[in-house]
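Dumped my_file_4.cif below, it's mmCIF, C-alpha atoms:
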data_start
loop_
_atom_site.label_atom_id
_atom_site.label_comp_id
_atom_site.auth_asym_id
_atom_site.auth_seq_id
_atom_site.Cartn_x
_atom_site.Cartn_y
_atom_site.Cartn_z
CA MET A 8 20.67 -10.02 48.56
CA ASN A 9 21.48 -6.33 48.85
CA HIS A 10 21.54 -4.15 45.74
CA PRO A 11 24.60 -4.91 43.65
CA GLU A 12 27.20 -2.19 43.50
CA SER A 13 27.10 0.24 40.58
CA GLU A 14 29.87 -1.51 38.70
CA LEU A 15 28.08 -4.87 38.64
CA LEU A 16 24.85 -3.19 37.65
CA LEU A 17 26.48 -1.47 34.67
CA ARG A 18 28.44 -4.55 33.67
CA PHE A 19 25.15 -6.44 33.63
CA ALA A 20 23.67 -3.67 31.48
CA GLU A 21 26.58 -3.94 29.06
CA GLY A 22 25.90 -7.63 28.57
CA GLU A 23 28.90 -8.90 30.49
CA ASP A 24 28.93 -11.96 32.68
CA VAL A 25 27.86 -11.27 36.23
CA PRO A 26 27.12 -13.77 39.00
CA VAL A 27 23.77 -15.48 38.48
CA ALA A 28 22.52 -14.13 41.83
CA VAL A 29 23.18 -10.58 40.64
CA ALA A 30 21.43 -11.12 37.29
CA ASP A 31 18.42 -12.64 39.06
CA HIS A 32 18.33 -9.81 41.55
CA VAL A 33 18.53 -7.07 38.91
CA THR A 34 15.70 -8.61 36.93
CA GLU A 35 13.43 -8.60 39.98
CA CYS A 36 14.58 -5.33 41.56
CA ASP A 37 12.50 -2.27 40.68
CA GLN A 38 15.13 0.16 41.93
CA CYS A 39 17.84 -1.47 39.77
CA THR A 40 15.69 -1.60 36.63
CA ALA A 41 14.69 2.01 37.21
CA ALA A 42 18.35 3.06 37.41
CA LEU A 43 19.18 1.16 34.22
CA GLY A 44 16.03 2.52 32.58
CA GLU A 45 17.26 6.04 33.26
CA ILE A 46 20.47 5.29 31.38
CA ALA A 47 18.58 3.62 28.55
CA ARG A 48 16.34 6.67 28.14
CA PHE A 49 19.37 8.94 28.06
CA GLU A 50 21.10 6.79 25.42
CA THR A 51 17.93 6.76 23.35
CA ARG A 52 17.62 10.49 23.69
CA LEU A 53 21.15 11.03 22.37
CA ALA A 54 20.48 8.62 19.53
CA ASN A 55 17.25 10.37 18.60
CA ALA A 56 19.06 13.68 18.43
CA SER A 57 21.75 12.34 16.07
CA THR A 58 20.82 13.22 12.52
CA LEU A 59 22.27 12.68 9.07
CA PRO A 60 22.13 14.67 5.85
CA GLU A 61 19.23 13.32 3.81
CA ALA A 62 21.46 12.32 0.87
CA GLU A 63 23.71 10.25 3.10
CA ARG A 64 20.75 8.75 4.89
CA ALA A 65 19.25 7.70 1.56
CA VAL A 66 22.45 5.85 0.61
CA LEU A 67 22.52 4.00 3.92
CA ARG A 68 18.81 3.26 3.69
CA ALA A 69 19.34 1.69 0.28
CA THR A 70 22.24 -0.39 1.63
CA THR A 71 20.15 -1.57 4.58
CA ALA A 72 17.18 -2.40 2.38
CA ARG A 73 19.38 -4.33 -0.04
CA LEU A 74 20.91 -6.40 2.75
CA LEU A 75 17.67 -7.04 4.61
CA THR A 76 15.35 -7.69 1.71
CA THR A 77 17.78 -10.08 0.03
CA ALA A 78 17.80 -12.04 3.25
CA SER A 79 14.03 -12.01 3.55
CA VAL A 80 13.26 -13.15 -0.01
CA ARG A 81 14.00 -16.74 0.93
CA ARG A 82 11.24 -16.68 3.54
CA ARG A 83 8.51 -16.09 0.98
CA PRO A 84 6.95 -19.42 0.03
CA GLY A 85 5.74 -19.82 -3.53
CA PRO A 86 4.74 -22.62 -5.90
CA TRP A 87 7.85 -22.10 -8.03
CA ARG A 88 9.93 -23.12 -5.06
CA HIS A 89 8.46 -26.63 -5.20
CA ARG A 90 9.39 -26.96 -8.85
CA VAL A 91 12.88 -25.67 -8.14
CA ALA A 92 13.22 -28.08 -5.22
CA ALA A 93 12.19 -31.03 -7.43
CA PHE A 94 14.66 -29.95 -10.08
CA VAL A 95 17.40 -29.52 -7.51
CA LEU A 96 16.74 -32.97 -6.04
CA ALA A 97 16.93 -34.57 -9.48
CA ALA A 98 20.09 -32.64 -10.29
CA ALA A 99 21.52 -33.59 -6.91
CA ALA A 100 20.99 -37.27 -7.60
CA ILE A 101 22.92 -36.94 -10.86
CA VAL A 102 25.67 -34.92 -9.20
CA VAL A 103 26.01 -37.41 -6.33
CA ALA A 104 26.12 -40.36 -8.73
CA THR A 105 28.73 -38.58 -10.84
CA LEU A 106 30.79 -37.63 -7.81
CA LEU A 107 30.75 -41.18 -6.48
CA ALA A 108 31.90 -42.62 -9.79
CA TRP A 109 34.56 -39.98 -10.48
CA PRO A 110 38.12 -40.85 -9.44
CA ARG A 111 39.59 -37.97 -7.48
CA ALA A 112 42.67 -36.84 -5.70
CA GLY A 113 42.14 -35.76 -2.05
CA GLY A 114 41.46 -32.05 -1.71
CA LEU A 115 41.48 -31.56 2.06
CA GLY A 116 44.77 -30.97 3.83
CA ALA A 117 45.44 -29.89 7.39
CA ILE A 118 42.44 -28.62 9.36
CA ASP A 119 42.58 -26.58 12.52
CA VAL A 120 39.60 -25.51 14.61
CA ARG A 121 40.12 -22.31 16.58
CA ARG A 122 37.82 -21.79 19.56
CA TYR A 123 37.93 -18.47 21.37
CA ASP A 124 36.17 -16.20 23.78
CA PRO A 125 35.23 -12.99 21.96
CA ALA A 126 36.53 -9.94 23.76
CA ASN A 127 34.55 -6.74 24.07
CA VAL A 128 31.38 -8.16 22.62
CA VAL A 129 28.03 -7.33 24.10
CA ARG A 130 26.70 -10.58 25.44
CA ALA A 131 23.51 -11.40 27.25
CA GLU A 132 24.68 -14.90 27.95
CA ARG A 133 28.12 -16.47 27.88
CA LEU A 134 28.94 -17.01 24.22
CA GLU A 135 32.03 -18.33 22.51
CA ARG A 136 33.08 -18.42 18.88
CA PHE A 137 35.07 -20.56 16.56
CA SER A 138 36.54 -20.53 13.08
CA ILE A 139 38.37 -23.11 10.99
CA ASP A 140 41.66 -22.94 9.14
CA VAL A 141 41.88 -25.43 6.32
CA ARG A 142 44.49 -26.15 3.68
CA LEU A 143 43.24 -27.32 0.30
CA ASP A 144 45.37 -29.32 -2.10
CA ALA A 145 42.96 -28.79 -4.98
CA THR A 146 40.11 -26.46 -5.90
CA ARG A 147 37.10 -27.34 -3.78
CA TRP A 148 33.67 -26.25 -2.53
CA LEU A 149 33.25 -26.72 1.22
CA ALA A 150 30.25 -27.56 3.38
CA LEU A 151 30.33 -27.50 7.17
CA TRP A 152 28.08 -28.76 9.95
CA GLN A 153 28.14 -28.32 13.71
CA LEU A 154 27.07 -31.45 15.61
CA GLU A 155 25.03 -31.59 18.75
CA GLY A 156 24.98 -35.33 19.35
CA ARG A 157 23.36 -36.69 16.23
CA SER A 158 21.75 -33.39 15.30
CA PRO A 159 23.60 -31.60 12.51
CA ARG A 160 23.34 -27.83 12.20
CA ARG A 161 24.40 -26.62 8.78
CA LEU A 162 26.79 -23.68 9.00
CA MET A 163 27.86 -23.52 5.36
CA PRO A 164 26.30 -23.11 2.83
CA HIS A 165 24.43 -20.57 4.99
CA ALA A 166 20.65 -20.43 4.61
CA ASP A 167 20.84 -16.73 3.93
CA PRO A 168 21.75 -16.24 0.24
CA LEU A 169 23.71 -13.15 1.16
CA LEU A 170 25.92 -15.11 3.54
CA ARG A 171 25.85 -18.39 1.58
CA TRP A 172 29.63 -18.92 1.50
CA LEU A 173 30.37 -16.76 4.53
CA GLY A 174 32.27 -14.13 2.65
CA ALA A 175 34.34 -16.51 0.50
CA GLU A 176 34.38 -16.88 -3.28
CA MET A 177 33.68 -20.53 -4.10
CA PRO A 178 35.23 -22.73 -5.28
CA LEU A 179 38.27 -22.11 -3.10
CA PRO A 180 41.65 -22.41 -4.83
CA PRO A 181 44.43 -24.61 -3.41
CA GLY A 182 46.11 -23.09 -0.38
CA PRO A 183 45.25 -22.04 3.17
CA HIS A 184 41.77 -20.68 3.87
CA ARG A 185 39.79 -19.38 6.79
CA VAL A 186 36.15 -20.37 7.32
CA PRO A 187 34.30 -18.03 7.63
CA ALA A 188 36.31 -15.70 5.43
CA ALA A 189 35.93 -12.76 7.87
CA ASP A 190 36.00 -12.86 11.66
CA ILE A 191 32.79 -10.82 11.83
CA LEU A 192 30.98 -13.93 10.59
CA ASP A 193 32.65 -16.38 12.99
CA PHE A 194 30.38 -19.07 14.39
CA GLU A 195 28.88 -18.44 17.79
CA PHE A 196 27.69 -20.93 20.39
CA ALA A 197 26.54 -20.80 24.01
CA ALA A 198 29.25 -21.94 26.41
CA THR A 199 26.64 -24.13 28.06
CA LYS A 200 25.93 -25.89 24.75
CA VAL A 201 29.29 -26.75 23.23
CA PRO A 202 29.17 -28.58 19.86
CA THR A 203 30.13 -32.25 20.12
CA GLY A 204 31.95 -32.16 16.81
CA LEU A 205 32.11 -30.75 13.29
CA VAL A 206 31.69 -32.29 9.87
CA LEU A 207 33.58 -30.74 6.98
CA VAL A 208 33.01 -32.02 3.44
CA ALA A 209 34.86 -30.92 0.31
CA PHE A 210 33.19 -31.13 -3.10
CA THR A 211 34.60 -30.84 -6.59
CA ALA A 212 31.46 -28.97 -7.74
CA GLU A 213 28.90 -26.83 -5.99
CA PRO A 214 26.98 -29.18 -3.67
CA ALA A 215 23.30 -29.45 -4.46
CA GLU A 216 20.72 -29.29 -1.71
CA GLY A 217 20.00 -32.99 -2.14
CA ALA A 218 23.60 -33.91 -1.41
CA LEU A 219 23.64 -31.73 1.67
CA LEU A 220 20.42 -33.29 2.92
CA ALA A 221 21.82 -36.77 2.31
CA ILE A 222 24.84 -35.92 4.45
CA GLU A 223 22.57 -34.60 7.19
CA GLN A 224 20.51 -37.78 7.05
CA THR A 225 23.67 -39.90 7.37
CA ILE A 226 24.74 -37.88 10.41
CA THR A 227 21.32 -38.26 12.03
CA GLU A 228 21.15 -42.01 11.44
CA THR A 229 24.72 -43.00 12.32
CA PRO A 230 26.18 -43.43 15.82
CA ALA A 231 29.11 -41.11 16.53
CA GLU A 232 31.72 -43.88 16.55
CA GLY A 233 30.88 -44.98 13.01
CA LEU A 234 30.12 -41.58 11.55
CA ALA A 235 33.47 -40.85 9.89
CA ALA A 236 33.50 -44.21 8.12
CA ALA A 237 29.86 -43.91 7.05
CA LEU A 238 30.41 -40.46 5.58
CA GLN A 239 33.67 -41.32 3.86
CA ALA A 240 32.07 -44.36 2.24
CA LYS A 241 29.85 -41.99 0.29
CA TRP A 242 31.85 -38.75 0.38
CA PRO A 243 35.57 -39.60 0.49
CA GLU A 244 36.48 -36.00 1.29
CA ALA A 245 34.40 -35.84 4.47
CA ARG A 246 36.08 -35.24 7.81
CA VAL A 247 34.60 -35.58 11.29
CA LEU A 248 36.45 -33.15 13.56
CA PRO A 249 36.42 -33.25 17.36
CA PHE A 250 35.49 -29.93 18.88
CA PRO A 251 38.46 -28.51 20.81
CA GLY A 252 38.18 -28.13 24.58
CA ARG A 253 39.00 -24.97 26.49
CA MET B 18 12.59 1.87 23.59
CA GLN B 19 9.36 -0.10 23.49
CA ARG B 20 9.11 0.89 19.84
CA ASP B 21 12.55 -0.62 19.21
CA ARG B 22 11.53 -3.89 20.82
CA VAL B 23 8.40 -4.05 18.70
CA LEU B 24 10.43 -3.41 15.55
CA ILE B 25 12.94 -6.09 16.50
CA GLU B 26 10.11 -8.59 17.10
CA ARG B 27 8.62 -7.78 13.69
CA TRP B 28 12.01 -8.00 12.02
CA ARG B 29 12.66 -11.34 13.70
CA ALA B 30 9.32 -12.56 12.41
CA GLY B 31 10.52 -11.91 8.86
CA GLU B 32 9.39 -8.32 8.24
CA ALA B 33 12.47 -6.80 6.65
CA GLN B 34 10.86 -3.37 6.51
CA ALA B 35 10.80 -3.26 10.32
CA GLY B 36 14.54 -3.90 10.38
CA CYS B 37 15.09 -1.13 7.81
CA GLU B 38 13.02 1.29 9.88
CA LEU B 39 14.88 0.44 13.08
CA LEU B 40 18.36 0.74 11.59
CA ASP B 41 17.49 3.84 9.59
CA HIS B 42 16.47 5.59 12.80
CA TYR B 43 19.89 4.99 14.36
CA ALA B 44 22.06 5.72 11.30
CA GLY B 45 22.96 9.22 12.49
CA TYR B 46 23.83 7.96 15.96
CA VAL B 47 26.03 5.18 14.59
CA ARG B 48 27.81 7.62 12.32
CA ARG B 49 28.44 10.02 15.17
CA ILE B 50 30.10 7.30 17.26
CA ALA B 51 31.97 5.75 14.33
CA VAL B 52 33.42 9.12 13.34
CA ARG B 53 34.60 9.67 16.91
CA HIS B 54 36.50 6.40 16.60
CA GLY B 55 38.18 7.46 13.39
CA VAL B 56 35.98 5.94 10.67
CA ALA B 57 36.00 8.31 7.72
CA GLY B 58 32.75 9.44 6.11
CA GLY B 59 31.48 8.66 2.63
CA ALA B 60 32.31 5.27 1.12
CA ASP B 61 34.26 4.20 4.21
CA PHE B 62 31.29 4.73 6.46
CA GLU B 63 29.00 3.03 3.94
CA GLU B 64 31.21 -0.05 4.07
CA PHE B 65 31.29 0.15 7.86
CA TRP B 66 27.51 0.44 7.95
CA GLN B 67 27.18 -2.63 5.77
CA GLU B 68 29.31 -4.68 8.15
CA LEU B 69 27.36 -3.40 11.12
CA VAL B 70 24.05 -4.37 9.51
CA LEU B 71 25.41 -7.85 8.79
CA ARG B 72 26.50 -8.17 12.39
CA VAL B 73 23.09 -7.13 13.72
CA MET B 74 21.45 -9.57 11.28
CA GLN B 75 23.68 -12.34 12.55
CA GLN B 76 22.69 -11.57 16.13
CA LEU B 77 19.01 -11.01 15.37
CA PRO B 78 17.80 -14.37 16.78
CA ASN B 79 19.11 -13.43 20.26
CA LEU B 80 18.98 -9.67 19.92
CA LEU B 81 16.19 -9.00 22.40
CA GLU B 82 17.93 -11.07 25.04
CA ARG B 83 21.08 -9.00 24.51
CA LEU B 84 19.38 -5.68 25.19
CA ARG B 85 19.83 -4.82 28.84
CA THR B 86 19.39 -1.08 28.46
CA SER B 87 18.63 0.29 25.01
CA PHE B 88 19.15 -0.61 21.37
CA ALA B 89 21.19 2.60 21.13
CA GLY B 90 23.55 1.32 23.83
CA TYR B 91 23.82 -2.05 22.09
CA LEU B 92 24.68 -0.33 18.80
CA ALA B 93 27.27 1.87 20.45
CA TRP B 94 29.18 -1.15 21.76
CA GLN B 95 28.88 -2.97 18.47
CA VAL B 96 30.29 0.08 16.66
CA ARG B 97 33.22 0.26 19.01
CA ASP B 98 33.87 -3.46 18.71
CA LEU B 99 33.65 -3.34 14.91
CA VAL B 100 36.07 -0.41 14.75
CA ARG B 101 38.55 -2.44 16.80
CA SER B 102 38.11 -5.38 14.50
CA TRP B 103 38.82 -3.12 11.51
CA ARG B 104 41.93 -1.81 13.15
CA ARG B 105 43.20 -5.32 13.82
CA HIS B 106 42.32 -7.01 10.55
CA ARG B 107 41.13 -4.67 7.88
CA ARG B 108 42.76 -1.33 7.55
CA PRO B 109 44.58 1.27 9.55
CA THR B 110 42.20 3.91 10.85
CA PRO B 111 43.18 7.20 12.44
CA GLU B 112 43.68 7.18 16.19
CA PHE B 113 40.79 8.04 18.45
CA GLU B 114 40.46 11.75 18.91
CA PRO B 115 37.89 12.86 21.48
CA GLY B 116 35.71 15.63 20.20
CA SER B 117 36.55 15.07 16.55
CA VAL B 118 32.92 14.92 15.39
CA PRO B 119 32.56 17.51 12.66
CA ALA B 120 29.92 19.88 13.93
CA ALA B 121 28.60 20.44 10.45
CA ALA B 122 28.28 16.72 9.69
CA ALA B 123 24.52 16.97 9.77
CA PRO B 124 22.53 20.10 9.08
CA ALA B 125 20.32 19.52 12.10
CA PRO B 126 16.86 20.96 12.47
CA GLU B 127 16.51 23.83 14.91
CA MET B 128 15.30 21.69 17.80
CA VAL B 129 18.07 19.17 17.42
CA ALA B 130 20.69 21.89 17.31
CA ALA B 131 19.16 23.44 20.41
CA PHE B 132 19.28 20.10 22.18
CA TRP B 133 23.00 19.63 21.49
CA GLU B 134 23.63 23.19 22.57
CA ALA B 135 21.76 22.56 25.81
CA LEU B 136 23.60 19.27 26.32
CA ARG B 137 26.94 20.96 25.75
CA ASP B 138 26.01 23.55 28.35
CA CYS B 139 24.78 20.95 30.84
CA SER B 140 27.77 18.66 30.41
CA GLY B 141 30.04 21.69 30.81
CA ARG B 142 28.62 22.16 34.27
CA LEU B 143 29.58 18.66 35.36
CA PRO B 144 32.72 18.16 37.44
CA PRO B 145 35.74 17.50 35.18
CA ARG B 146 35.89 13.78 35.97
CA GLU B 147 32.20 13.33 35.14
CA GLN B 148 32.63 15.32 31.93
CA SER B 149 35.30 12.84 30.82
CA VAL B 150 33.14 9.89 31.78
CA PHE B 151 30.23 11.40 29.85
CA GLU B 152 32.36 11.88 26.71
CA HIS B 153 33.79 8.38 26.72
CA ARG B 154 30.70 6.49 27.82
CA PHE B 155 27.92 8.26 25.95
CA LEU B 156 29.54 9.98 22.99
CA SER B 157 32.18 7.38 22.16
CA GLY B 158 30.31 4.25 23.27
CA CYS B 159 33.15 2.96 25.45
CA ASP B 160 32.36 0.27 28.01
CA LEU B 161 33.06 0.52 31.70
CA GLY B 162 36.58 -0.92 31.61
CA GLU B 163 37.66 1.33 28.76
CA VAL B 164 36.24 4.44 30.40
CA ALA B 165 38.03 3.57 33.64
CA ALA B 166 41.31 3.14 31.76
CA ARG B 167 40.87 6.40 29.88
CA VAL B 168 40.01 8.51 32.92
CA GLY B 169 42.51 6.74 35.19
CA SER B 170 39.99 5.50 37.71
CA ASN B 171 38.45 2.22 38.78
CA ALA B 172 35.34 0.69 37.27
CA ASN B 173 33.14 1.10 40.33
CA ALA B 174 33.93 4.81 40.65
CA VAL B 175 33.17 5.25 36.95
CA ALA B 176 29.89 3.36 37.29
CA GLN B 177 28.83 5.61 40.17
CA ALA B 178 29.77 8.62 38.09
CA VAL B 179 27.65 7.33 35.20
CA PHE B 180 24.52 7.03 37.33
CA ARG B 181 25.18 10.40 38.94
CA LEU B 182 25.88 12.32 35.76
CA VAL B 183 22.83 10.92 33.99
CA ARG B 184 20.63 12.23 36.81
CA ARG B 185 22.36 15.61 36.67
CA LEU B 186 22.06 15.89 32.92
CA ARG B 187 18.42 14.84 33.01
CA ASP B 188 17.63 17.53 35.59
CA CYS B 189 19.57 20.16 33.68
CA LEU B 190 17.98 19.28 30.32
CA THR B 191 14.53 19.23 31.89
CA ALA B 192 15.14 22.69 33.27
CA LYS B 193 15.99 23.82 29.76
CA GLY B 194 12.75 22.45 28.38
CA PHE B 195 13.95 19.08 27.08
CA ASP B 196 11.88 16.88 29.25
CA GLY B 197 11.05 13.73 27.28
CA PRO B 198 13.07 10.64 26.53
CA GLY B 199 11.37 10.56 23.15
CA ASP B 200 12.69 13.95 22.02
CA PHE B 201 13.09 13.97 18.23
CA ALA B 202 11.97 10.32 17.93
#

Rewrite the structure of this file - the entire thing - as structure tokens.
Amino acid sequence: MNHPESELLLRFAEGEDVPVAVADHVTECDQCTAALGEIARFETRLANASTLPEAERAVLRATTARLLTTASVRRRPGPWRHRVAAFVLAAAAIVVATLLAWPRAGGLGAIDVRRYDPANVVRAERLERFSIDVRLDATRWLALWQLEGRSPRRLMPHADPLLRWLGAEMPLPPGPHRVPAADILDFEFAATKVPTGLVLVAFTAEPAEGALLAIEQTITETPAEGLAAALQAKWPEARVLPFPGR
Amino acid sequence: MQRDRVLIERWRAGEAQAGCELLDHYAGYVRRIAVRHGVAGGADFEEFWQELVLRVMQQLPNLLERLRTSFAGYLAWQVRDLVRSWRRHRRPTPEFEPGSVPAAAAPAPEMVAAFWEALRDCSGRLPPREQSVFEHRFLSGCDLGEVAARVGSNANAVAQAVFRLVRRLRDCLTAKGFDGPGDFA
């Protein structure tokens, strides 16, 4: 094909959707990449020349370090983790047994899944987002999974300790709530890989890792048509939600 | 730019220090754009910075695939998007005022000050339409559609102006002795 017009070239550079033929062409075209490279160098040049007072920079540096290093601590393996994991599993077994035996009132009310196309977001591929509105009738902790067939992907509690409850203070009091608590943390997925469903489970106490793993195992081992019943047999406040279409 | 990609790779591999180094380098740039969009300095900007870092962290797994030009360009659009989100959901922020960057915000070293002086001179020589495009696209981080709306033109004309003005500014800056993309890096 001929070189795409300037507008398409810049829209591609800004991460917007462009026809596949244009994206393929730009990637292979030396003249196009050179033109975009010129802009990239100019942007970098402006960025390099933007300075901050050292005191202000130090404050921001500390904020960045706090956010990033908290997130990275979990990646460091260590023997104490095994002991903690064993303890957590034992505690989880007790918690699950207690939860199963405890008579409870239902905590989950109306649930609404909101799927949307984020505007003005830099995207390399077509991405969409979603959030959930849920009404609670009693104080609860929530856990959420995104399903891709029988593969569960845990969304909450988040693996990153900093984002564990996605901006919310758990347990959540009765009333309407948004998950995640802030739209900046909304869940993202590729439009070509839409979730097949969601699993939302409410707990009366903070769910232990063992309980979460047990739910994931149930999802993996149960066909979709029997999943809701299988989950509710063990966790009465579990809901299997269809993912909304466009 | 290659340096940024290397830092992102290291950060993605779990090296938090690489992420700190990358973001620290662009803090001044982010502040400059955020201030142009009405984010106040001090604690307000610190809170804004925190949200921006969280957003970049969230996008880290696909960050390299998102970069079509530079990390600076990516940050500029994220800043603009985050400011909009604040306006909608968080707090009222002052309206956008072109040129409202306080000149004394950063006591810049001599070379940096000379660069901005040269850039001011070079951009002043651009035709008026290209000057506007330059302000909105490169100093305020607006995307193509927004620039077109602000200057009252269509997106293709703006895109052509972007490519043209970058060449002109590069030539002018080179003539003034600023000849490397890595100036001040």

query = Mind telling me what the PyMOL selection byres ((chain B and resi 63) around 12) catches here, as a list in words?
reply = Glu63, Arg64, Ala65, Val66, Leu67, Arg68, Ala69, Thr70 and Thr71 of chain A; Ala44, Val47, Arg48, Ala51, Val56, Ala57, Gly58, Gly59, Ala60, Asp61, Phe62, Glu64, Phe65, Trp66, Gln67, Glu68, Leu69 and Val70 of chain B

key: Chain and number of each residue from the PyMOL selection byres ((chain A) within 7 of (chain B)), as number ranges by chain   = A: 13-14, 17, 20-22, 43-44, 46-52, 54-60, 67-68, 70-72, 75-76, 79, 127-131, 191

Evaluate the PyMOL selection byres ((chain A and resi 189) around 10) and report residues as a PyMOL selection string = (chain A and resi 138+173-175+185-188+190-193) or (chain B and resi 106-107)

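The interatomic distance for the pair CA of Val33 in chain A and CA of Arg146 in chain B works out to 27.3 Å.
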
inquiry  = Let me make sure I understand: among A:Pro159, A:Val247, A:Pro164, A:Lys241, which one has the smallest atom-to-atom distance to Thr227 in chain A if we use only C-alpha atoms?
reply    = A:Pro159

message = So the first atom is CA of Glu61 in chain A and the second is CA of Gln19 in chain B; what is the distance between them in Å, to one decimal place?
response = 25.8 Å

query = For the atom pair CA of Asp119 in chain A and CA of Ile139 in chain A, what is the interatomic distance in Å to one decimal place?
reply = 5.7 Å

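Residues with any atom within 9 Å of Val201 in chain A, counting all atoms listed in the file and excluding same-chain neighbours fewer than 4 positions away, are A:Glu135, A:Glu155, A:Phe196, A:Ala197, A:Phe250.
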
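With all atoms listed in the file as the basis for measurement, B:Leu39 is the residue among B:Leu190, B:Val164, B:Val100, B:Leu39 that approaches Val73 in chain B most closely.
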
Mind giving me the axis-aligned box for range 66-78 of chain B with 6 Å on every side, centre plus edges in Å to one decimal, as lines of an AutoDock Vina configuration file?
center_x = 23.6
center_y = -7.0
center_z = 11.3
size_x = 23.5
size_y = 26.8
size_z = 23.0

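Here the question is which of A:Leu96, A:Ala166, A:Ala62, A:Ile101 gets nearest to Leu220 in chain A using all atoms listed in the file, and that residue is A:Leu96.
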